[in-house]
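Chemist: Just dropping this structure here.
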There are 2 protein chains.
Amino acid sequence: MQKPADGRRRVVIESVEPEIDGGRFPIKRIAGDLVEVEADVFADGHDHVAARLLFRFQEVSTWTQVTMRWLGNDRWRAEFPVARIGVYLYTVAGWVDHFDTWRSDLEKRIAAGQDIRVDLLNGAELVEQAAMRAGRDDADELRRWAARMRATDDLPAAQSAGLDPVLAATMALYLDPAMETRYEHELRVTVDREKARYSAWYEMFPRSTSREPGRHGTFQDCEARLDYVARLGFDVLYLPPVHPIGHSFRKGKNNSTTPEPGDVGSPWAIGAKEGGHTTIHPKLGTLEDFRSLLRAAADKDIELALDIAFQCSPDHPWVHEHPEWFKKRADGTIQYAENPPKKYQDIYPLDFETGDWQGLWDALLGVFLFWIDQGVRIFRVDNPHTKPFCFWEWLITEVKRDFPDALFLAEAFTRPRVMQRLAKLGFSQSYTYFTWRNTKPELTEYFTELTQTRVREYLRPNLWPNTPDILSETLQVGGRPAFLSRAVLAATLGPNYGIYGPAFELGENKPIRPGSEEYLNSEKYEIRHWNLDARESIAATIASVNRARRENAALRASHDLFFHPTDNPYLIAYSKSSRDGSNTVLTVVNLDAFHAQSGWVTLDLERLRLRSDESFQVRDQLTGARYLWQGSRNYVELAPEGIPAHIFRVLRKVRSEKDFDYYQ
Amino acid sequence: MQKPADGRRRVVIESVEPEIDGGRFPIKRIAGDLVEVEADVFADGHDHVAARLLFRFQEVSTWTQVTMRWLGNDRWRAEFPVARIGVYLYTVAGWVDHFDTWRSDLEKRIAAGQDIRVDLLNGAELVEQAAMRAGRDDADELRRWAARMRATDDLPAAQSAGLDPVLAATMALYLDPAMETRYEHELRVTVDREKARYSAWYEMFPRSTSREPGRHGTFQDCEARLDYVARLGFDVLYLPPVHPIGHSFRKGKNNSTTPEPGDVGSPWAIGAKEGGHTTIHPKLGTLEDFRSLLRAAADKDIELALDIAFQCSPDHPWVHEHPEWFKKRADGTIQYAENPPKKYQDIYPLDFETGDWQGLWDALLGVFLFWIDQGVRIFRVDNPHTKPFCFWEWLITEVKRDFPDALFLAEAFTRPRVMQRLAKLGFSQSYTYFTWRNTKPELTEYFTELTQTRVREYLRPNLWPNTPDILSETLQVGGRPAFLSRAVLAATLGPNYGIYGPAFELGENKPIRPGSEEYLNSEKYEIRHWNLDARESIAATIASVNRARRENAALRASHDLFFHPTDNPYLIAYSKSSRDGSNTVLTVVNLDAFHAQSGWVTLDLERLRLRSDESFQVRDQLTGARYLWQGSRNYVELAPEGIPAHIFRVLRKVRSEKDFDYYQ
């Protein structure tokens, strides 16, 4: 074995956290966050060690250093701020700190009444060595300190010079870089804007937005719908694919393979003679109409999210322009999508094993860049798990290098490792299994995993009670109370959530057949006309839920999500707090859509930053109702007829228990 | 971001286990072990994946491949044997397996009654592509298969050719290497001989072995003592340093700084005018005497372990030959060892920050190689945590490259991270906190950590109830029952253990002063004469314990150590089984040295491979007593007057419950 370059670098650095797969992938944060880093830093023997956290914005070449604090058991911690969106790097450095060791030893020698004259000279040598590494002013100052330490004729003066905290502080600036151990990995942070962590999505089919039943909706109709979306309180409007739809093997209503004339087809069967992934469906309008919608939405603080589905109808221009991007069957025909024995002849998958994979990758990157050029910055990526992981890692890195404000939502409902890998390699948000997690144990286990394990460093859940593909059994059978409780769960368990509307707020709950999660008369295959003013709409409650999110910082993150026990299996209770602790929200939901449920919630008061002997107020953010509570056990009753959930802001007493206004 | 070299390598490999710090350190195994490896291996989409474990002996350049088995949830497992001592490498490879995907799809299509003619042609293409990668014979065979698949006029024959398992097996041999993903780390295994995992150490001061009181013992006296050590059943005889002892600042009896004339000094104050670390203390004998002892011990299956303590007395030849290897104080004197305010003026530490660190490292390596040249292969390293970690990593790697049978025991009683780092970087065995773990919760927690967490992959505990430096409080106050229970605990909780004798078996338990763990009249500072035939000796029981270890494979490892609950806090019960399950041992120890304790042990019968409805026999390996037990709850009573422990071999019924001999 070769000797190391310098065997005198005695510090070792291990177990740096956070670190994903040995630094292979970045962690994720939001601009303005403090990144907390811990590491084991230690050396042989009894010498003191100094540890520093090093960080830099990727485009800045010099490291900023932060002194790490010792936590005990060789563990050190420090934080650094990520102010800008983009990529930050961080690592850890360690030194044997001879001066600090010397100083600590000197104190012990003095306490034991030992002769310290030689020790003071030893210390002076260390100070003089540091002076050689220091800038001119500090060097002069250090040499003056050394001279005072050498003047041992006046021992008290020499001793107090050696122990002076000002000297110690200056010495700490000039640790010997030749003796520095640097952790072997430089770790990365992907820093996004806040919308990556906190967003409320509304999915809507543009072609179903016309005010006249039967007419194909347009982007202008969408503009008219913006007020409604804004009133509900959503800040991302997500549109299924807006491109020309293929005619070959077009699907009819309810996924029929024998379409009627006039059937509009699935927006995910992308491409026709008018164009492919960078073309607007002519019936929706023009590119200029699209940009107008984008601007109008922005005026209402709503961002558009586009659906990127990398697959082609048989009529897509690429089928002729780039036949090499598609797999051929042995009979020379192009391989359509299959899940044997099922065949999807309206869809041609792209062949990522093509010899021209590089050309294909470039073209697909081009699709994103085209829409970015139009002003889009949020992409919901359809089935990313059916394209190679290395492709997405490259593509997202390329896009974010120039457009660090771009966000990508991975629509991958698949196995956990696959979903986690997509999140690790760069997707900003991820669909989850929330859609199928209904009971208290299911929700508790799943959200503890998502928010309290290492997964939280890279996977940001985006919770959907429904999608155009998934009408869950809970919604099918539970009716209005189920829609309400699922909306509250989604909006409060995760800072990112979304609904597919207006089907959701209007309580659409008929499946195409029993046992199926497909909607009857799904908008995927036909134009629907929705009565937004229907009496049964829960839009008003959804608006209240979104307002509660805006007004409570606790609901805009999930770092400290905690489930409080209840004595009723249908009542789930959980709290979150804002980073600064000034805002705490306790949510209680009745998971039984059919019966009123009541019971006792046993609060972990410490988590809520409450003392056990003080009363506190909980104020329902949906109804305005106030309750005065005390101690850990408190009674809750929720009926399916009203809103089957409380979103309580927890208000600590400030002045007098007699005056509610003094809770905050 | 650069595109990858080949974007068509679609498989990803993650979370390979075992892996220490991202592959920075090797795991440890014994020659003859099977190494079990798991990994997450998956690809995008729905294609089937093939995973293989690759391994090779370091000096062999080609990998051996083992097919991995799918465990569900994208996890795969396989094992490989490590037959030889030395270093093995392992890693994981993955492929998208198009033929296996095709074959599985074909079965589904046939079941659905679809036309499969084109599919058979697709499959034939895959077979022909594999033929181009195959050796000549297999290529011919594969082309014949392809021809049969193409002959779709006889569809049943073509179909059965395509589905033939012989074809599938041949195809599995010719996965496309161009599409192979290799895990990014090559991981290492340090493979040792069995003594690294299973050893019983006896520490003995050679100078105290003379038969005449007062005379300085010699290596010849040690030879005469070998029968005794063999009778006790130990297989490693560990000698404190055997080198000339310094005279400057020599310590007197009981660590006095005012020695009497004739005081022999501490063997760890190494070096005098006669020589240093490669010289034999003249009063012990000659180098030839040492080699004779080594040979005589080997004849009794006892290996010598030498103590390597890298520190010098002021009289060590290096002090004059290499003053640059020692730190100077400001007054020009050499820095002695200190733990301020304590001073150890008889010891000069080596300065690992010397400019000539490379020369120093080479000299220290030379010390090991010198003793290896004499035939020594086991080294107990004194205070390795006061020398740089990178030094030990280099030194142990260098030694083991040429002498892979060399073993190193780290004597580091210090903080957990430091002890773990020394184990990771190469020490074969490690001293532990066992010496101070006495109660049932302490022992349960500590040994669960050592045997059931990742620590077990690299740290092999060596358990010592006492050392010349540590006479634990338990032994001081507990008398004979404490010595017996601590011996049984050490010998059965860990396959590696040791005692410092004859102080241990003779029950020496006087501290130098109350509250101290130092022995009164410690052999570190004086010659002792021990009466090995003393009535109070527990040598016979120790011999029984060591025989139980030799006769029960379960006691020669700790991989499945499991603590069974008891209803008495002073009774601890735990079991271990051999890898093949043929031998199971249940140990029960009374931790109360002062009272008889009785209670019920609640056995986890599944762990013991017992059925709940069958009776079984437990046979005490120390006394020969037999008990017939049934079910999980069984009664135990242990008194301090006898042996306060059972080491039960668990015997399952083989033929008839009426005949004890049919338990095995």
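By convention here, the chains of the structure tokens are called A, B, ... in the order presented, each chain's residues are numbered starting at 1, and ligands are numbered starting at 1 in the order presented.
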Find the residues in chain A near chain B: any atom within 7 Å counts, using only C-alpha atoms. Write them as number ranges by chain.

Modeler: A: 1, 3, 7-8, 10, 22, 44-45, 105, 108-109, 112, 118, 121-122, 329-331, 340-341, 352-353, 357, 385-391, 394, 397-398

Chemist: How about saving the chosen residues, N, CA and C atoms kept, as an mmCIF file, in the first residue's frame?

Modeler:
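File produced: part_30.cif:
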```cif
data_model
loop_
_atom_site.group_PDB
_atom_site.id
_atom_site.type_symbol
_atom_site.label_atom_id
_atom_site.label_comp_id
_atom_site.auth_asym_id
_atom_site.auth_seq_id
_atom_site.Cartn_x
_atom_site.Cartn_y
_atom_site.Cartn_z
ATOM 1 N N MET A 1 0.855 -1.198 0.000
ATOM 2 C CA MET A 1 0.000 0.000 0.000
ATOM 3 C C MET A 1 0.887 1.242 0.000
ATOM 4 N N LYS A 3 2.051 4.872 0.935
ATOM 5 C CA LYS A 3 1.817 5.774 2.051
ATOM 6 C C LYS A 3 0.946 6.934 1.559
ATOM 7 N N GLY A 7 1.233 11.768 5.917
ATOM 8 C CA GLY A 7 0.785 10.934 7.039
ATOM 9 C C GLY A 7 0.559 11.725 8.308
ATOM 10 N N ARG A 8 0.810 13.034 8.242
ATOM 11 C CA ARG A 8 0.631 13.850 9.448
ATOM 12 C C ARG A 8 -0.769 14.461 9.533
ATOM 13 N N ARG A 10 -3.893 13.920 10.687
ATOM 14 C CA ARG A 10 -4.303 12.896 11.649
ATOM 15 C C ARG A 10 -5.797 12.827 11.897
ATOM 16 N N GLY A 22 -23.626 7.979 -0.261
ATOM 17 C CA GLY A 22 -22.215 8.349 -0.323
ATOM 18 C C GLY A 22 -21.953 9.593 -1.161
ATOM 19 N N ASP A 44 -6.453 10.681 16.488
ATOM 20 C CA ASP A 44 -5.835 9.820 17.478
ATOM 21 C C ASP A 44 -5.409 10.647 18.681
ATOM 22 N N GLY A 45 -5.225 9.952 19.802
ATOM 23 C CA GLY A 45 -4.649 10.596 20.971
ATOM 24 C C GLY A 45 -5.589 11.573 21.651
ATOM 25 N N ASP A 105 -4.287 22.422 28.290
ATOM 26 C CA ASP A 105 -3.293 21.803 29.173
ATOM 27 C C ASP A 105 -2.720 22.828 30.148
ATOM 28 N N LYS A 108 -4.750 23.337 33.134
ATOM 29 C CA LYS A 108 -4.646 22.235 34.095
ATOM 30 C C LYS A 108 -3.335 22.315 34.876
ATOM 31 N N ARG A 109 -2.273 22.697 34.175
ATOM 32 C CA ARG A 109 -0.977 22.795 34.862
ATOM 33 C C ARG A 109 -1.004 23.901 35.921
ATOM 34 N N ALA A 112 -2.788 22.870 38.911
ATOM 35 C CA ALA A 112 -2.015 21.924 39.719
ATOM 36 C C ALA A 112 -0.774 22.579 40.316
ATOM 37 N N VAL A 118 8.434 26.695 30.726
ATOM 38 C CA VAL A 118 8.732 26.056 29.438
ATOM 39 C C VAL A 118 7.457 25.921 28.598
ATOM 40 N N LEU A 121 6.803 28.974 26.676
ATOM 41 C CA LEU A 121 7.673 29.070 25.492
ATOM 42 C C LEU A 121 7.157 28.146 24.387
ATOM 43 N N ASN A 122 6.708 26.933 24.774
ATOM 44 C CA ASN A 122 6.114 26.032 23.782
ATOM 45 C C ASN A 122 4.945 26.718 23.082
ATOM 46 N N ARG A 329 -40.916 -4.392 -34.864
ATOM 47 C CA ARG A 329 -41.202 -5.811 -34.685
ATOM 48 C C ARG A 329 -40.575 -6.578 -35.848
ATOM 49 N N ALA A 330 -40.568 -7.890 -35.729
ATOM 50 C CA ALA A 330 -39.920 -8.703 -36.757
ATOM 51 C C ALA A 330 -40.615 -8.584 -38.102
ATOM 52 N N ASP A 331 -41.872 -8.151 -38.113
ATOM 53 C CA ASP A 331 -42.567 -8.005 -39.403
ATOM 54 C C ASP A 331 -42.410 -6.605 -39.964
ATOM 55 N N PRO A 340 -48.443 -7.197 -21.945
ATOM 56 C CA PRO A 340 -49.063 -8.425 -22.440
ATOM 57 C C PRO A 340 -49.971 -9.074 -21.397
ATOM 58 N N PRO A 341 -51.156 -9.540 -21.761
ATOM 59 C CA PRO A 341 -51.617 -9.588 -23.157
ATOM 60 C C PRO A 341 -52.285 -8.300 -23.647
ATOM 61 N N PHE A 352 -35.577 3.787 -26.027
ATOM 62 C CA PHE A 352 -34.372 4.386 -25.438
ATOM 63 C C PHE A 352 -33.136 3.523 -25.637
ATOM 64 N N GLU A 353 -33.306 2.357 -26.251
ATOM 65 C CA GLU A 353 -32.137 1.552 -26.610
ATOM 66 C C GLU A 353 -31.762 1.773 -28.070
ATOM 67 N N TRP A 357 -29.589 7.069 -29.429
ATOM 68 C CA TRP A 357 -30.135 7.552 -28.151
ATOM 69 C C TRP A 357 -29.729 8.994 -27.863
ATOM 70 N N HIS A 385 -40.916 6.663 -14.936
ATOM 71 C CA HIS A 385 -40.277 5.383 -14.601
ATOM 72 C C HIS A 385 -40.238 4.440 -15.786
ATOM 73 N N THR A 386 -40.769 4.846 -16.947
ATOM 74 C CA THR A 386 -40.636 3.988 -18.122
ATOM 75 C C THR A 386 -39.587 4.531 -19.088
ATOM 76 N N LYS A 387 -38.799 5.491 -18.617
ATOM 77 C CA LYS A 387 -37.654 5.997 -19.389
ATOM 78 C C LYS A 387 -36.424 5.845 -18.491
ATOM 79 N N PRO A 388 -35.236 5.720 -19.085
ATOM 80 C CA PRO A 388 -34.054 5.400 -18.255
ATOM 81 C C PRO A 388 -33.762 6.473 -17.205
ATOM 82 N N PHE A 389 -33.332 6.013 -16.052
ATOM 83 C CA PHE A 389 -32.990 6.924 -14.967
ATOM 84 C C PHE A 389 -31.872 7.878 -15.373
ATOM 85 N N CYS A 390 -30.887 7.359 -16.104
ATOM 86 C CA CYS A 390 -29.744 8.211 -16.473
ATOM 87 C C CYS A 390 -30.190 9.323 -17.431
ATOM 88 N N PHE A 391 -31.229 9.047 -18.207
ATOM 89 C CA PHE A 391 -31.764 10.090 -19.093
ATOM 90 C C PHE A 391 -32.337 11.241 -18.276
ATOM 91 N N TRP A 394 -29.659 13.348 -16.491
ATOM 92 C CA TRP A 394 -29.003 14.266 -17.428
ATOM 93 C C TRP A 394 -29.934 15.415 -17.802
ATOM 94 N N THR A 397 -30.682 17.897 -14.911
ATOM 95 C CA THR A 397 -29.472 18.673 -14.613
ATOM 96 C C THR A 397 -29.234 19.729 -15.690
ATOM 97 N N GLU A 398 -29.413 19.331 -16.944
ATOM 98 C CA GLU A 398 -29.225 20.278 -18.046
ATOM 99 C C GLU A 398 -30.207 21.440 -17.951
#
```

Chemist: Excluding Gly276 in chain B and any residue of its chain fewer than 5 positions from it, enumerate the residues within 7 Å of it, using only C-alpha atoms, and give them as a list in words.

Modeler: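 After dropping sequence-adjacent residues, the list is His243, Pro244, Ile270, Gly271, His316 and Pro317 of chain B.
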
Chemist: Name all residues at most 12 Å from Leu232 in chain B (count only C-alpha atoms; drop same-chain ones fewer than 2 positions away) and give them as a PyMOL selection string.

Modeler: chain B and resi 200-202+225-230+234-237+300+302+498-499+501-502+505+532+537-548

Chemist: Quick check, in Å to one decimal: how far apart do CA of Leu471 in chain A and CA of Thr492 in chain A lie?

Modeler: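 Spanning CA of Leu471 in chain A to CA of Thr492 in chain A is a straight-line distance of 20.5 Å.
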
Chemist: Please list as a VMD selection string every residue within 8 Å of Cys222 in chain A, counting only C-alpha atoms and excluding residues in the same chain fewer than 2 positions away.

Modeler: chain A and resid 206 209 to 210 217 to 220 224 to 226 293

Chemist: Write the residues of the selection above to a file with N, CA, C and O atoms, as a short mmCIF file (atom, residue, chain, number, x, y, z; two decimals), in the first residue's frame.

Modeler:
```
data_model
loop_
_atom_site.label_atom_id
_atom_site.label_comp_id
_atom_site.auth_asym_id
_atom_site.auth_seq_id
_atom_site.Cartn_x
_atom_site.Cartn_y
_atom_site.Cartn_z
N PRO A 206 -58.35 21.45 -20.29
CA PRO A 206 -58.73 22.70 -20.96
C PRO A 206 -59.93 22.50 -21.88
O PRO A 206 -60.78 23.39 -22.00
N THR A 209 -63.54 23.27 -20.53
CA THR A 209 -63.78 24.54 -19.83
C THR A 209 -64.74 25.47 -20.55
O THR A 209 -64.98 26.59 -20.09
N SER A 210 -65.25 24.98 -21.66
CA SER A 210 -66.16 25.86 -22.41
C SER A 210 -67.43 26.11 -21.61
O SER A 210 -67.88 25.25 -20.86
N GLY A 217 -63.45 23.26 -25.37
CA GLY A 217 -62.90 24.39 -24.64
C GLY A 217 -61.60 24.88 -25.25
O GLY A 217 -60.91 24.14 -25.97
N THR A 218 -61.26 26.11 -24.95
CA THR A 218 -60.06 26.74 -25.51
C THR A 218 -59.25 27.36 -24.37
O THR A 218 -59.72 27.44 -23.23
N PHE A 219 -58.06 27.83 -24.74
CA PHE A 219 -57.26 28.53 -23.73
C PHE A 219 -57.97 29.79 -23.25
O PHE A 219 -57.80 30.21 -22.11
N GLN A 220 -58.76 30.40 -24.12
CA GLN A 220 -59.53 31.57 -23.68
C GLN A 220 -60.54 31.17 -22.61
O GLN A 220 -60.74 31.90 -21.63
N ALA A 224 -60.89 32.36 -18.56
CA ALA A 224 -62.11 32.73 -17.84
C ALA A 224 -62.27 31.90 -16.57
O ALA A 224 -62.92 32.32 -15.61
N ARG A 225 -61.68 30.72 -16.55
CA ARG A 225 -61.80 29.84 -15.39
C ARG A 225 -60.81 30.22 -14.27
O ARG A 225 -60.89 29.70 -13.16
N LEU A 226 -59.85 31.09 -14.58
CA LEU A 226 -58.78 31.38 -13.61
C LEU A 226 -59.32 31.96 -12.31
O LEU A 226 -58.81 31.66 -11.23
N LEU A 293 -52.72 32.92 -21.70
CA LEU A 293 -53.22 32.21 -20.51
C LEU A 293 -52.16 32.22 -19.40
O LEU A 293 -52.47 32.47 -18.23
#
```

Chemist: Excluding same-chain residues fewer than 3 positions from Leu364 in chain B, what lies within 9 Å of it counting only C-alpha atoms, as a ChimeraX atom specification?

Modeler: /B:277,310,359-361,367-369,395

Chemist: For N, CA and C atoms, I'd like the residues from the last selection saved as a short mmCIF file (atom, residue, chain, number, x, y, z; two decimals), in the first residue's frame.

Modeler:
```cif
data_model
loop_
_atom_site.label_atom_id
_atom_site.label_comp_id
_atom_site.auth_asym_id
_atom_site.auth_seq_id
_atom_site.Cartn_x
_atom_site.Cartn_y
_atom_site.Cartn_z
N HIS B 277 12.84 -2.27 20.46
CA HIS B 277 11.66 -3.09 20.15
C HIS B 277 11.98 -4.41 19.46
N PHE B 310 4.22 1.06 20.90
CA PHE B 310 5.13 2.00 20.25
C PHE B 310 5.34 3.24 21.10
N GLY B 359 10.18 7.83 7.52
CA GLY B 359 11.22 6.99 8.11
C GLY B 359 10.73 6.30 9.37
N LEU B 360 9.98 7.05 10.18
CA LEU B 360 9.41 6.48 11.41
C LEU B 360 8.48 5.32 11.08
N TRP B 361 7.57 5.54 10.11
CA TRP B 361 6.63 4.48 9.74
C TRP B 361 7.39 3.22 9.28
N VAL B 367 9.58 -3.31 12.93
CA VAL B 367 9.42 -4.02 14.20
C VAL B 367 8.50 -5.23 14.01
N PHE B 368 7.36 -5.00 13.36
CA PHE B 368 6.44 -6.12 13.11
C PHE B 368 7.11 -7.20 12.26
N LEU B 369 7.79 -6.75 11.21
CA LEU B 369 8.37 -7.74 10.29
C LEU B 369 9.47 -8.55 10.99
N LEU B 395 0.12 0.25 7.78
CA LEU B 395 0.95 -0.80 8.35
C LEU B 395 0.28 -2.17 8.27
#
```

Chemist: As a VMD selection string, list the residues of range 440-659 of chain A assigned to helix (DSSP H, G or I) by DSSP on the backbone atoms of this structure.

Modeler: chain A and resid 440 to 452 454 to 457 473 to 493 539 to 551 553 to 556

Chemist: Pick from A:Pro569, A:Pro349, A:Gly275, A:Gly285: nearest to Leu443 in chain A, with only C-alpha atoms counted?

Modeler: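 Ranked by minimum distance to Leu443 in chain A, first place goes to A:Pro569.
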
Chemist: Assign secondary structure with DSSP using the backbone only, and return the residues of range 148-308 of chain A in strand (DSSP E) as a list in words.

Modeler: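 Filtering range 148-308 of chain A to strand (DSSP E) leaves Thr181, Arg182, Leu187, Arg188, Val189, Thr190, Val191, Asp192, Ser199, Ala200, Trp201, Tyr202, Glu203, Val236, Leu237, Tyr238, Leu239, Glu303, Leu304, Ala305, Leu306, Asp307 and Ile308 of chain A.
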
Chemist: Excluding Trp95 in chain B and its own-chain neighbours fewer than 5 positions away, which residues fall within 6 Å of it when counting only C-alpha atoms? Please give them as a list in words.

Modeler: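 Once the adjacent positions are removed, what remains is Val49, Ala50 and Glu180 of chain B.
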
Chemist: Could you tell me how far CA of Glu203 in chain B sits from CA of Glu536 in chain B, in Å to one decimal place?

Modeler: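 Rounded to one decimal, the two atoms are 19.6 Å apart.
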
Chemist: In Å, with one decimal, what is the gap from CA of Gly214 in chain B to CA of Pro468 in chain B?

Modeler: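 Spanning CA of Gly214 in chain B to CA of Pro468 in chain B is a straight-line distance of 19.7 Å.
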
Chemist: Give me the residues within 8 Å of range 509-525 of chain B as a PyMOL selection string, counting only C-alpha atoms and dropping any in the same chain fewer than 4 places off.

Modeler: chain B and resi 205+208+251-255+263-267+468-473+475-477+479

Chemist: Which residue gives the smallest distance to Val636 in chain A among A:Glu551, A:Asn590, A:Ala269, A:Tyr497, with only C-alpha atoms counted?

Modeler: A:Asn590
